[in-house]
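Colleague: The file below is final09.cif, mmCIF, C-alpha atoms:
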data_run
loop_
_atom_site.label_atom_id
_atom_site.label_comp_id
_atom_site.auth_asym_id
_atom_site.auth_seq_id
_atom_site.Cartn_x
_atom_site.Cartn_y
_atom_site.Cartn_z
CA PHE A 923 -9.79 8.96 1.74
CA HIS A 924 -12.97 9.88 3.63
CA GLY A 925 -16.08 7.74 3.72
CA GLY A 926 -19.64 8.60 2.79
CA GLY A 927 -20.83 5.94 0.36
CA LEU A 928 -19.23 7.76 -2.62
CA GLU A 929 -22.14 10.20 -2.26
CA GLY A 930 -21.09 12.41 0.65
CA GLY A 931 -18.36 13.21 3.16
CA GLU A 932 -15.53 15.70 3.31
CA LYS A 933 -11.77 15.46 3.71
CA GLY A 934 -10.28 15.95 7.14
CA ILE A 935 -7.50 14.73 9.41
CA PRO A 936 -8.70 12.87 12.53
CA LYS A 937 -7.06 14.03 15.74
CA GLU A 938 -5.92 10.45 16.38
CA LEU A 939 -3.62 10.74 13.36
CA LYS A 940 -2.14 14.14 14.20
CA GLU A 941 1.33 14.62 15.67
CA LYS A 942 2.25 10.96 15.30
CA GLY A 943 5.46 11.45 13.34
CA VAL A 944 3.91 10.82 9.94
CA ALA A 945 2.55 13.15 7.25
CA ILE A 946 -1.18 12.80 6.55
CA VAL A 947 -2.66 13.83 3.20
CA ALA A 948 -6.46 14.18 3.25
CA VAL A 949 -8.19 14.00 -0.13
CA ASN A 950 -11.54 14.98 -1.62
CA TYR A 951 -12.98 13.35 -4.73
CA ARG A 952 -16.00 13.80 -6.96
CA LEU A 953 -19.22 12.32 -5.62
CA SER A 954 -22.23 10.53 -7.05
CA PRO A 955 -24.75 11.44 -8.45
CA LYS A 956 -23.06 14.57 -9.83
CA ALA A 957 -20.26 12.29 -11.02
CA ASN A 958 -20.57 8.66 -11.98
CA ASN A 959 -18.23 5.71 -11.82
CA PRO A 960 -15.26 5.64 -12.40
CA ALA A 961 -14.79 9.37 -11.74
CA TYR A 962 -14.14 8.96 -8.00
CA ILE A 963 -11.64 6.14 -8.57
CA GLU A 964 -9.81 8.27 -11.14
CA ASP A 965 -9.73 11.19 -8.69
CA ALA A 966 -8.28 8.92 -6.00
CA ALA A 967 -5.58 7.69 -8.37
CA GLU A 968 -4.71 11.23 -9.46
CA ALA A 969 -4.35 12.24 -5.80
CA VAL A 970 -2.03 9.32 -5.03
CA ALA A 971 0.03 10.10 -8.13
CA TRP A 972 0.31 13.75 -7.03
CA ILE A 973 1.63 12.60 -3.66
CA PHE A 974 4.27 10.41 -5.31
CA LYS A 975 5.44 13.35 -7.37
CA ASN A 976 5.26 16.07 -4.70
CA ILE A 977 5.59 14.62 -1.19
CA GLU A 978 9.34 15.29 -1.10
CA HIS A 979 8.55 19.02 -1.06
CA PHE A 980 6.79 18.46 2.27
CA GLY A 981 9.49 16.35 3.93
CA GLY A 982 8.19 12.95 2.89
CA GLY A 983 9.52 10.30 0.56
CA PRO A 984 7.91 8.53 -2.43
CA ASP A 985 9.11 5.19 -1.10
CA GLU A 986 7.16 5.61 2.17
CA ILE A 987 3.58 6.14 0.94
CA PHE A 988 0.74 4.22 2.59
CA VAL A 989 -2.80 4.50 1.21
CA SER A 990 -5.83 4.26 3.47
CA GLY A 991 -9.46 5.27 3.84
CA HIS A 992 -12.65 4.44 5.69
CA SER A 993 -15.68 2.77 4.11
CA ALA A 994 -15.97 4.27 0.60
CA GLY A 995 -12.46 5.62 1.15
CA GLY A 996 -11.26 2.11 1.92
CA TYR A 997 -12.84 0.93 -1.32
CA LEU A 998 -10.96 3.65 -3.22
CA ALA A 999 -7.68 2.76 -1.51
CA LEU A 1000 -8.09 -0.87 -2.59
CA MET A 1001 -9.04 -0.01 -6.15
CA VAL A 1002 -6.02 2.27 -6.57
CA GLY A 1003 -3.67 -0.29 -5.02
CA LEU A 1004 -4.96 -3.42 -6.74
CA ASP A 1005 -5.96 -2.22 -10.21
CA LYS A 1006 -2.65 -0.92 -11.58
CA SER A 1007 -4.26 0.71 -14.62
CA TYR A 1008 -5.44 3.80 -12.71
CA LEU A 1009 -1.98 4.85 -11.50
CA GLU A 1010 -0.31 3.77 -14.73
CA LYS A 1011 -2.17 6.62 -16.48
CA HIS A 1012 -0.06 8.97 -14.33
CA GLY A 1013 3.22 7.12 -14.80
CA ILE A 1014 3.13 5.50 -11.35
CA ASP A 1015 3.54 1.80 -10.55
CA ALA A 1016 1.01 0.78 -7.89
CA ASP A 1017 3.56 -1.68 -6.52
CA LYS A 1018 5.56 1.33 -5.28
CA ILE A 1019 2.88 1.96 -2.65
CA LYS A 1020 4.41 0.97 0.69
CA GLY A 1021 1.17 -0.43 2.10
CA LEU A 1022 -2.63 -0.49 1.84
CA MET A 1023 -4.74 0.05 4.98
CA PRO A 1024 -8.48 0.12 4.17
CA ILE A 1025 -10.93 0.40 7.06
CA SER A 1026 -14.27 -1.33 6.46
CA GLY A 1027 -13.98 -0.95 2.71
CA GLN A 1028 -16.20 -2.83 0.28
CA THR A 1029 -14.36 -5.44 -1.73
CA ASN A 1030 -17.25 -6.24 -4.06
CA THR A 1031 -18.38 -3.63 -6.58
CA HIS A 1032 -19.46 -0.67 -4.46
CA TYR A 1033 -23.19 -0.46 -3.77
CA THR A 1034 -23.32 3.12 -5.11
CA ILE A 1035 -22.03 1.88 -8.45
CA ARG A 1036 -24.81 -0.72 -8.40
CA LYS A 1037 -27.25 2.07 -7.55
CA GLU A 1038 -26.05 4.10 -10.53
CA ARG A 1039 -26.84 1.09 -12.71
CA GLY A 1040 -30.29 0.58 -11.17
CA LEU A 1041 -29.30 -2.75 -9.62
CA PRO A 1042 -30.56 -4.09 -6.25
CA ASP A 1043 -28.57 -2.81 -3.27
CA LEU A 1044 -28.13 -6.10 -1.42
CA ILE A 1045 -27.27 -8.37 -4.35
CA PRO A 1046 -23.46 -8.50 -4.73
CA VAL A 1047 -21.75 -7.75 -8.02
CA VAL A 1048 -18.09 -8.56 -8.66
CA ASP A 1049 -16.83 -6.99 -11.87
CA VAL A 1050 -13.83 -4.86 -12.87
CA TYR A 1051 -14.89 -2.24 -10.30
CA ALA A 1052 -14.60 -4.70 -7.42
CA PRO A 1053 -11.27 -4.87 -5.55
CA LEU A 1054 -11.92 -8.60 -5.28
CA ASN A 1055 -11.92 -8.84 -9.08
CA ARG A 1056 -8.63 -6.92 -9.30
CA ALA A 1057 -6.77 -9.17 -6.85
CA ARG A 1058 -3.31 -10.10 -8.13
CA LYS A 1059 0.12 -11.30 -7.10
CA ASN A 1060 2.83 -9.08 -5.63
CA ILE A 1061 0.56 -6.46 -4.12
CA PRO A 1062 1.84 -4.02 -1.47
CA PRO A 1063 1.58 -5.24 2.13
CA THR A 1064 -2.06 -4.92 3.14
CA LEU A 1065 -3.82 -4.40 6.48
CA LEU A 1066 -7.58 -4.98 6.30
CA ILE A 1067 -9.58 -3.66 9.26
CA THR A 1068 -13.31 -4.06 9.91
CA GLY A 1069 -15.68 -3.67 12.81
CA ASP A 1070 -17.39 -6.51 14.61
CA LYS A 1071 -19.16 -8.70 12.01
CA ARG A 1072 -22.25 -8.68 14.25
CA LEU A 1073 -22.33 -4.86 14.23
CA GLU A 1074 -20.82 -3.99 10.84
CA MET A 1075 -22.66 -3.12 7.64
CA ASN A 1076 -24.14 -6.11 5.86
CA SER A 1077 -21.41 -8.62 4.83
CA ARG A 1078 -18.61 -6.07 5.28
CA TYR A 1079 -16.39 -8.34 7.38
CA GLU A 1080 -17.15 -11.30 5.12
CA GLU A 1081 -16.18 -9.33 2.01
CA ASN A 1082 -12.83 -8.45 3.56
CA ALA A 1083 -12.30 -12.05 4.68
CA HIS A 1084 -13.02 -13.18 1.11
CA LEU A 1085 -10.48 -10.70 -0.28
CA LYS A 1086 -7.85 -11.85 2.17
CA ALA A 1087 -8.42 -15.50 1.23
CA VAL A 1088 -8.13 -14.70 -2.49
CA LEU A 1089 -4.99 -12.58 -2.03
CA MET A 1090 -3.33 -15.24 0.10
CA GLY A 1091 -4.29 -17.88 -2.43
CA LEU A 1092 -2.49 -15.87 -5.11
CA GLY A 1093 0.71 -16.03 -3.08
CA ASN A 1094 0.62 -12.71 -1.20
CA LYS A 1095 1.99 -13.41 2.26
CA ASP A 1096 1.80 -9.95 3.81
CA VAL A 1097 -1.97 -9.62 4.17
CA GLU A 1098 -3.60 -9.22 7.57
CA LEU A 1099 -7.28 -8.95 8.56
CA LEU A 1100 -8.35 -7.49 11.90
CA GLU A 1101 -11.94 -7.68 13.15
CA LEU A 1102 -12.37 -5.21 16.03
CA GLU A 1103 -15.00 -6.73 18.31
CA GLY A 1104 -17.48 -4.37 19.91
CA PHE A 1105 -17.10 -1.68 17.25
CA ASN A 1106 -19.58 -0.91 14.49
CA HIS A 1107 -18.99 0.53 11.03
CA GLY A 1108 -18.53 4.06 12.32
CA SER A 1109 -16.89 3.58 15.71
CA VAL A 1110 -14.23 1.24 14.29
CA CYS A 1111 -12.32 4.24 12.97
CA ILE A 1112 -10.80 5.45 16.25
CA PRO A 1113 -9.10 2.18 17.27
CA ALA A 1114 -8.23 1.54 13.62
CA TYR A 1115 -6.29 4.83 13.44
CA TYR A 1116 -4.00 3.75 16.28
CA LEU A 1117 -3.52 0.32 14.70
CA MET A 1118 -2.63 1.98 11.41
CA ILE A 1119 -0.01 4.24 12.98
CA ASN A 1120 1.62 1.28 14.74
CA TRP A 1121 1.54 -0.77 11.54
CA VAL A 1122 3.14 2.02 9.52
CA LYS A 1123 5.91 2.57 12.07
CA ASN A 1124 6.56 -1.14 12.58
CA TYR A 1125 6.71 -1.77 8.86
CA SER A 1126 9.05 1.20 8.30
CA GLU A 1127 11.34 -0.05 11.08
CA GLN A 1128 11.26 -3.52 9.53
CA THR A 1129 12.36 -2.08 6.21
CA SER A 1130 15.14 -0.11 7.91
CA ASN A 1131 16.34 -3.28 9.62
CA CYS A 1132 16.30 -5.06 6.24
CA PHE A 1133 18.67 -2.39 4.89
CA TRP A 1134 21.28 -3.08 7.57
CA GLN A 1135 20.81 -6.82 7.18
CA SER A 1136 21.46 -6.32 3.46
CA LEU A 1137 24.64 -4.41 4.30
CA SER A 1138 25.84 -7.25 6.49
CA ILE A 1139 25.07 -9.84 3.81
CA VAL A 1140 27.02 -7.84 1.20
CA GLU A 1141 30.05 -7.64 3.48
CA LYS A 1142 29.99 -11.34 4.33
CA THR A 1143 29.22 -12.55 0.80
CA ILE A 1144 31.64 -10.39 -1.19
CA GLY A 1145 34.29 -10.34 1.51
CA TRP A 1146 35.15 -6.65 1.78
CA GLN A 1147 34.39 -3.71 4.02
CA ILE A 1148 31.70 -1.28 2.87
CA HIS A 1149 32.75 2.40 2.64
CA GLN A 1150 29.38 4.09 3.23
CA LYS A 1151 30.59 7.52 2.11
CA LYS A 1152 31.05 6.40 -1.45
CA VAL A 1153 28.14 7.29 -3.69
CA PHE A 1154 28.44 4.07 -5.63
CA THR A 1155 28.08 2.11 -2.41
CA LEU A 1156 24.70 3.68 -1.79
CA VAL A 1157 23.52 2.80 -5.29
CA LEU A 1158 24.76 -0.75 -4.93
CA LEU A 1159 23.16 -1.18 -1.52
CA SER A 1160 19.87 0.21 -2.80
CA LEU A 1161 19.77 -2.40 -5.56
CA PHE A 1162 20.76 -5.20 -3.21
CA ASN A 1163 18.22 -4.05 -0.62
CA ARG A 1164 15.43 -4.12 -3.22
CA ILE A 1165 16.26 -7.73 -4.02
CA TYR A 1166 16.47 -8.63 -0.33
CA LEU A 1167 13.09 -7.04 0.43
CA ASP A 1168 11.42 -8.85 -2.46
CA ILE A 1169 12.64 -12.17 -1.09
CA TYR A 1170 11.87 -11.19 2.53
CA HIS A 1171 8.24 -10.33 1.72
CA GLY A 1172 7.73 -13.29 -0.58
CA ALA A 1173 7.15 -11.15 -3.64
CA LEU A 1174 9.57 -13.25 -5.71
CA ARG A 1175 10.28 -10.45 -8.18
CA LEU A 1176 13.96 -11.35 -8.24
CA ASN A 1177 15.37 -11.48 -11.75
CA VAL A 1178 18.65 -12.22 -13.47
CA CYS A 1179 19.23 -8.58 -14.50
CA SER A 1180 19.16 -7.42 -10.88
CA LEU A 1181 21.70 -10.06 -9.90
CA VAL A 1182 23.98 -9.18 -12.79
CA VAL A 1183 23.87 -5.47 -11.88
CA VAL A 1184 24.79 -6.21 -8.26
CA LEU A 1185 27.58 -8.66 -9.06
CA PHE A 1186 29.23 -6.56 -11.76
CA GLY A 1187 28.77 -3.46 -9.66
CA ALA A 1188 30.49 -5.14 -6.74
CA ILE A 1189 33.41 -6.27 -8.91
CA TRP A 1190 33.74 -2.80 -10.48
CA TYR A 1191 33.64 -1.09 -7.12
CA LYS A 1192 36.20 -3.43 -5.57
CA THR A 1193 38.53 -2.99 -8.54
CA ASN A 1194 38.33 0.80 -8.68
CA TYR A 1195 37.90 1.92 -5.08
CA LEU A 1196 39.20 -0.68 -2.67
CA VAL A 1197 42.80 -1.66 -1.97
#
Give the structure from this file in structure tokens form.
Modeller:
Amino acid sequence: FHGGGLEGGEKGIPKELKEKGVAIVAVNYRLSPKANNPAYIEDAAEAVAWIFKNIEHFGGGPDEIFVSGHSAGGYLALMVGLDKSYLEKHGIDADKIKGLMPISGQTNTHYTIRKERGLPDLIPVVDVYAPLNRARKNIPPTLLITGDKRLEMNSRYEENAHLKAVLMGLGNKDVELLELEGFNHGSVCIPAYYLMINWVKNYSEQTSNCFWQSLSIVEKTIGWQIHQKKVFTLVLLSLFNRIYLDIYHGALRLNVCSLVVVLFGAIWYKTNYLV
């Protein structure tokens, strides 16, 4: 999502993100004052939902979607990822987002929303339109990036540091904050793009490694050789891998039903397919 204070800007793909082995979806959204809050948040959510439902037609996968943006776009990325209600309207669970990567996004209620209400620009407001207010457990892995706090917009680094502290306090372990010294609010984008690409690729490789670790654990725990060509094996491994990833990332979403499905599935498979 592009920046522009929710009042300007235009979608585009920076050259630093092109030809890096990932698909980039650039998005426009309605702008203030022609549209008022929460129109731009709703547009952002609708765009993310469209990607979930259509990215496979363009060679992508709905389980590999990262959401990012700069400045106002970073604010929108956080609102869509933290407040689950916006994506739920489109039948999408925000927890299915692979990662959030806002660049210099506001974490308090955006100053343009305060402007629409006639409130002072520099006095912070934290209500339901503040990512900080929508902080919760079990969020997608999150990479927060800001410029140098001496050069950034007023309190921008501090807002992101506050969000990180709150998210970590809620039990989210996979939250990282990077302050890029020597870069201001605008110039931070270029180095941030390279950091984002590396983070996406590293996290995807980590997930791939988790899959094969899951395979090894299944073999050692249940005591039989996996036949990867069997369709049921893929289903079973997918379920087991979901449980493993939840534990690995500290999400703690493990439940009895998942365990029962895996155990009974393993017994059924061994009985019907293995000799």
Colleague: Within 6 Å of range 952-961 of chain A, counting all atoms listed in the file, which residues show up once you throw out same-chain ones fewer than 3 positions away? Write them as a PDB file with C-alpha atoms, keeping the file's coordinate frame, please.
Modeller:
ATOM      1  CA  LEU A 928     -19.230   7.760  -2.620  1.00  0.00           C
ATOM      2  CA  GLU A 929     -22.140  10.200  -2.260  1.00  0.00           C
ATOM      3  CA  GLU A 964      -9.810   8.270 -11.140  1.00  0.00           C
TER       4      GLU A 964
END
Colleague: Evaluate the PyMOL selection byres ((chain A and resi 1059-1076) around 7) here and jot the selected residues down as a PyMOL selection string.
Modeller: chain A and resi 1004+1017+1019-1026+1058+1077-1079+1082+1092-1094+1096-1107+1110+1114+1173
Colleague: Can you work out the spacing between CA of Ala1057 in chain A and CA of Val944 in chain A in Å, to one decimal?
Modeller: 28.2 Å
Colleague: Can you work out the spacing between CA of Val989 in chain A and CA of Pro1113 in chain A in Å, to one decimal?
Modeller: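 Interatomic distance, CA of Val989 in chain A to CA of Pro1113 in chain A: 17.4 Å.
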Colleague: Skip Tyr951 in chain A itself and residues of its chain fewer than 4 positions away, then list as JSON, numbers by chain all residues within 7 Å of it, counting only C-alpha atoms.
Modeller: {"A": [962, 965, 966]}
Colleague: Write the residues you've just listed into a file as a PDB file, keeping the file's coordinate frame, and include C-alpha atoms for each of them.
Modeller:
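The resulting file, selection_16.pdb, is shown below:
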ATOM      1  CA  TYR A 962     -14.140   8.960  -8.000  1.00  0.00           C
ATOM      2  CA  ASP A 965      -9.730  11.190  -8.690  1.00  0.00           C
ATOM      3  CA  ALA A 966      -8.280   8.920  -6.000  1.00  0.00           C
TER       4      ALA A 966
END
Colleague: Would you please work out which residue, of A:Ala994, A:Ile1112, A:Ile1014, A:Leu1000, is nearest to Ala971 in chain A when using all atoms listed in the file?
Modeller: A:Ile1014
Colleague: Could you state the separation of CA of Val1048 in chain A and CA of Thr1029 in chain A in Å, given to one decimal place?
Modeller: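 About the pair CA of Val1048 in chain A and CA of Thr1029 in chain A: they are 8.5 Å apart.
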Colleague: May I ask which of the residues A:Asn950, A:Ser1007, A:Asp1049, A:Gln1028 is the closest one to Gly930 in chain A, counting only C-alpha atoms?
Modeller: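 Of the candidates, the smallest distance to Gly930 in chain A is held by A:Asn950.
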Colleague: Extract, using only C-alpha atoms, all DNA, RNA and protein residues at most 10 Å from Tyr997 in chain A, discarding same-chain residues fewer than 2 positions from it, and format them as a list in words.
Modeller: Phe923, Gly925, Gly927, Leu928, Ile963, Ser990, Gly991, His992, Ser993, Ala994, Gly995, Ala999, Leu1000, Met1001, Val1002, Gly1003, Pro1024, Ile1025, Ser1026, Gly1027, Gln1028, Thr1029, Asn1030, Thr1031, His1032, Tyr1051, Ala1052 and Pro1053 of chain A
Colleague: Translate the PyMOL selection byres ((chain A and resi 972-977) around 10) into a concrete residue list for this structure, as a list of chain:residue names.
Modeller: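 Output from the PyMOL selection byres ((chain A and resi 972-977) around 10), applied to this file: A:Ala945, A:Val947, A:Ala966, A:Ala967, A:Glu968, A:Ala969, A:Val970, A:Ala971, A:Glu978, A:His979, A:Phe980, A:Gly981, A:Gly982, A:Gly983, A:Pro984, A:Asp985, A:Glu986, A:Ile987, A:His1012, A:Gly1013, A:Ile1014, A:Lys1018, A:Ile1019.
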Colleague: Excluding Lys937 in chain A and any residue of its chain fewer than 4 positions from it, enumerate the residues within 12 Å of it, using all atoms listed in the file, and give them as a PyMOL selection string.
Modeller: chain A and resi 941-942+946+1111-1112+1115-1116
Colleague: Determine the nearest neighbour of Trp1121 in chain A from the options A:His1084, A:Gly1040, A:Ser1109, A:Phe988, counting all atoms listed in the file.
Modeller: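 Under the stated criterion, the closest residue is A:Phe988.
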Colleague: For range 949-960 of chain A, which lacks atoms in the input, supply all heavy atoms and format the output as a compact mmCIF listing (two decimals), in the coordinates of the input.
Modeller:
# COMPACT_ATOMS: atom_id res chain seq x y z
N VAL A 949 -7.83 13.82 1.28
CA VAL A 949 -8.19 14.00 -0.13
C VAL A 949 -9.71 14.05 -0.31
O VAL A 949 -10.44 13.25 0.27
CB VAL A 949 -7.63 12.83 -0.97
CG1 VAL A 949 -8.03 12.97 -2.43
CG2 VAL A 949 -6.11 12.76 -0.82
N ASN A 950 -10.17 14.98 -1.13
CA ASN A 950 -11.54 14.98 -1.62
C ASN A 950 -11.60 14.33 -2.99
O ASN A 950 -10.57 14.23 -3.69
CB ASN A 950 -12.10 16.39 -1.71
CG ASN A 950 -12.75 16.84 -0.41
OD1 ASN A 950 -13.13 16.03 0.43
ND2 ASN A 950 -12.89 18.15 -0.23
N TYR A 951 -12.78 13.93 -3.41
CA TYR A 951 -12.98 13.35 -4.73
C TYR A 951 -14.41 13.63 -5.16
O TYR A 951 -15.29 13.90 -4.33
CB TYR A 951 -12.69 11.84 -4.72
CG TYR A 951 -13.33 11.09 -3.56
CD1 TYR A 951 -14.62 10.54 -3.68
CD2 TYR A 951 -12.65 10.91 -2.35
CE1 TYR A 951 -15.20 9.86 -2.63
CE2 TYR A 951 -13.24 10.23 -1.29
CZ TYR A 951 -14.52 9.71 -1.43
OH TYR A 951 -15.10 9.04 -0.38
N ARG A 952 -14.65 13.57 -6.46
CA ARG A 952 -16.00 13.80 -6.96
C ARG A 952 -16.97 12.75 -6.43
O ARG A 952 -16.59 11.61 -6.17
CB ARG A 952 -15.99 13.78 -8.50
CG ARG A 952 -15.39 15.02 -9.12
CD ARG A 952 -15.28 14.87 -10.63
NE ARG A 952 -14.23 13.92 -11.00
CZ ARG A 952 -13.95 13.55 -12.25
NH1 ARG A 952 -14.69 14.04 -13.26
NH2 ARG A 952 -12.98 12.71 -12.51
N LEU A 953 -18.23 13.17 -6.26
CA LEU A 953 -19.22 12.32 -5.62
C LEU A 953 -20.40 12.05 -6.55
O LEU A 953 -20.77 12.88 -7.38
CB LEU A 953 -19.72 12.97 -4.33
CG LEU A 953 -18.66 13.24 -3.25
CD1 LEU A 953 -19.24 14.10 -2.14
CD2 LEU A 953 -18.10 11.93 -2.70
N SER A 954 -20.99 10.89 -6.36
CA SER A 954 -22.23 10.53 -7.05
C SER A 954 -23.40 11.25 -6.35
O SER A 954 -23.35 11.43 -5.13
CB SER A 954 -22.42 9.01 -6.99
OG SER A 954 -23.56 8.60 -7.68
N PRO A 955 -24.44 11.69 -7.03
CA PRO A 955 -24.75 11.44 -8.45
C PRO A 955 -24.22 12.50 -9.42
O PRO A 955 -24.43 12.37 -10.63
CB PRO A 955 -26.28 11.44 -8.44
CG PRO A 955 -26.63 12.44 -7.39
CD PRO A 955 -25.59 12.28 -6.31
N LYS A 956 -23.57 13.55 -8.91
CA LYS A 956 -23.06 14.57 -9.83
C LYS A 956 -21.99 13.97 -10.74
O LYS A 956 -21.82 14.40 -11.89
CB LYS A 956 -22.49 15.75 -9.04
CG LYS A 956 -23.55 16.60 -8.36
CD LYS A 956 -22.93 17.82 -7.71
CE LYS A 956 -24.00 18.71 -7.09
NZ LYS A 956 -23.43 19.92 -6.45
N ALA A 957 -21.26 13.02 -10.22
CA ALA A 957 -20.26 12.29 -11.02
C ALA A 957 -20.57 10.81 -10.92
O ALA A 957 -21.05 10.33 -9.88
CB ALA A 957 -18.85 12.58 -10.51
N ASN A 958 -20.31 10.10 -11.97
CA ASN A 958 -20.57 8.66 -11.98
C ASN A 958 -19.26 7.88 -12.08
O ASN A 958 -18.23 8.41 -12.50
CB ASN A 958 -21.49 8.28 -13.15
CG ASN A 958 -22.92 8.77 -12.93
OD1 ASN A 958 -23.37 8.89 -11.79
ND2 ASN A 958 -23.61 9.06 -14.02
N ASN A 959 -19.36 6.62 -11.72
CA ASN A 959 -18.23 5.71 -11.82
C ASN A 959 -17.64 5.75 -13.24
O ASN A 959 -18.40 5.80 -14.21
CB ASN A 959 -18.70 4.30 -11.47
CG ASN A 959 -17.62 3.26 -11.59
OD1 ASN A 959 -16.63 3.30 -10.89
ND2 ASN A 959 -17.81 2.32 -12.51
N PRO A 960 -16.31 5.78 -13.42
CA PRO A 960 -15.26 5.64 -12.40
C PRO A 960 -14.61 6.96 -11.96
O PRO A 960 -13.44 6.97 -11.60
CB PRO A 960 -14.24 4.76 -13.11
CG PRO A 960 -14.32 5.23 -14.54
CD PRO A 960 -15.77 5.60 -14.78
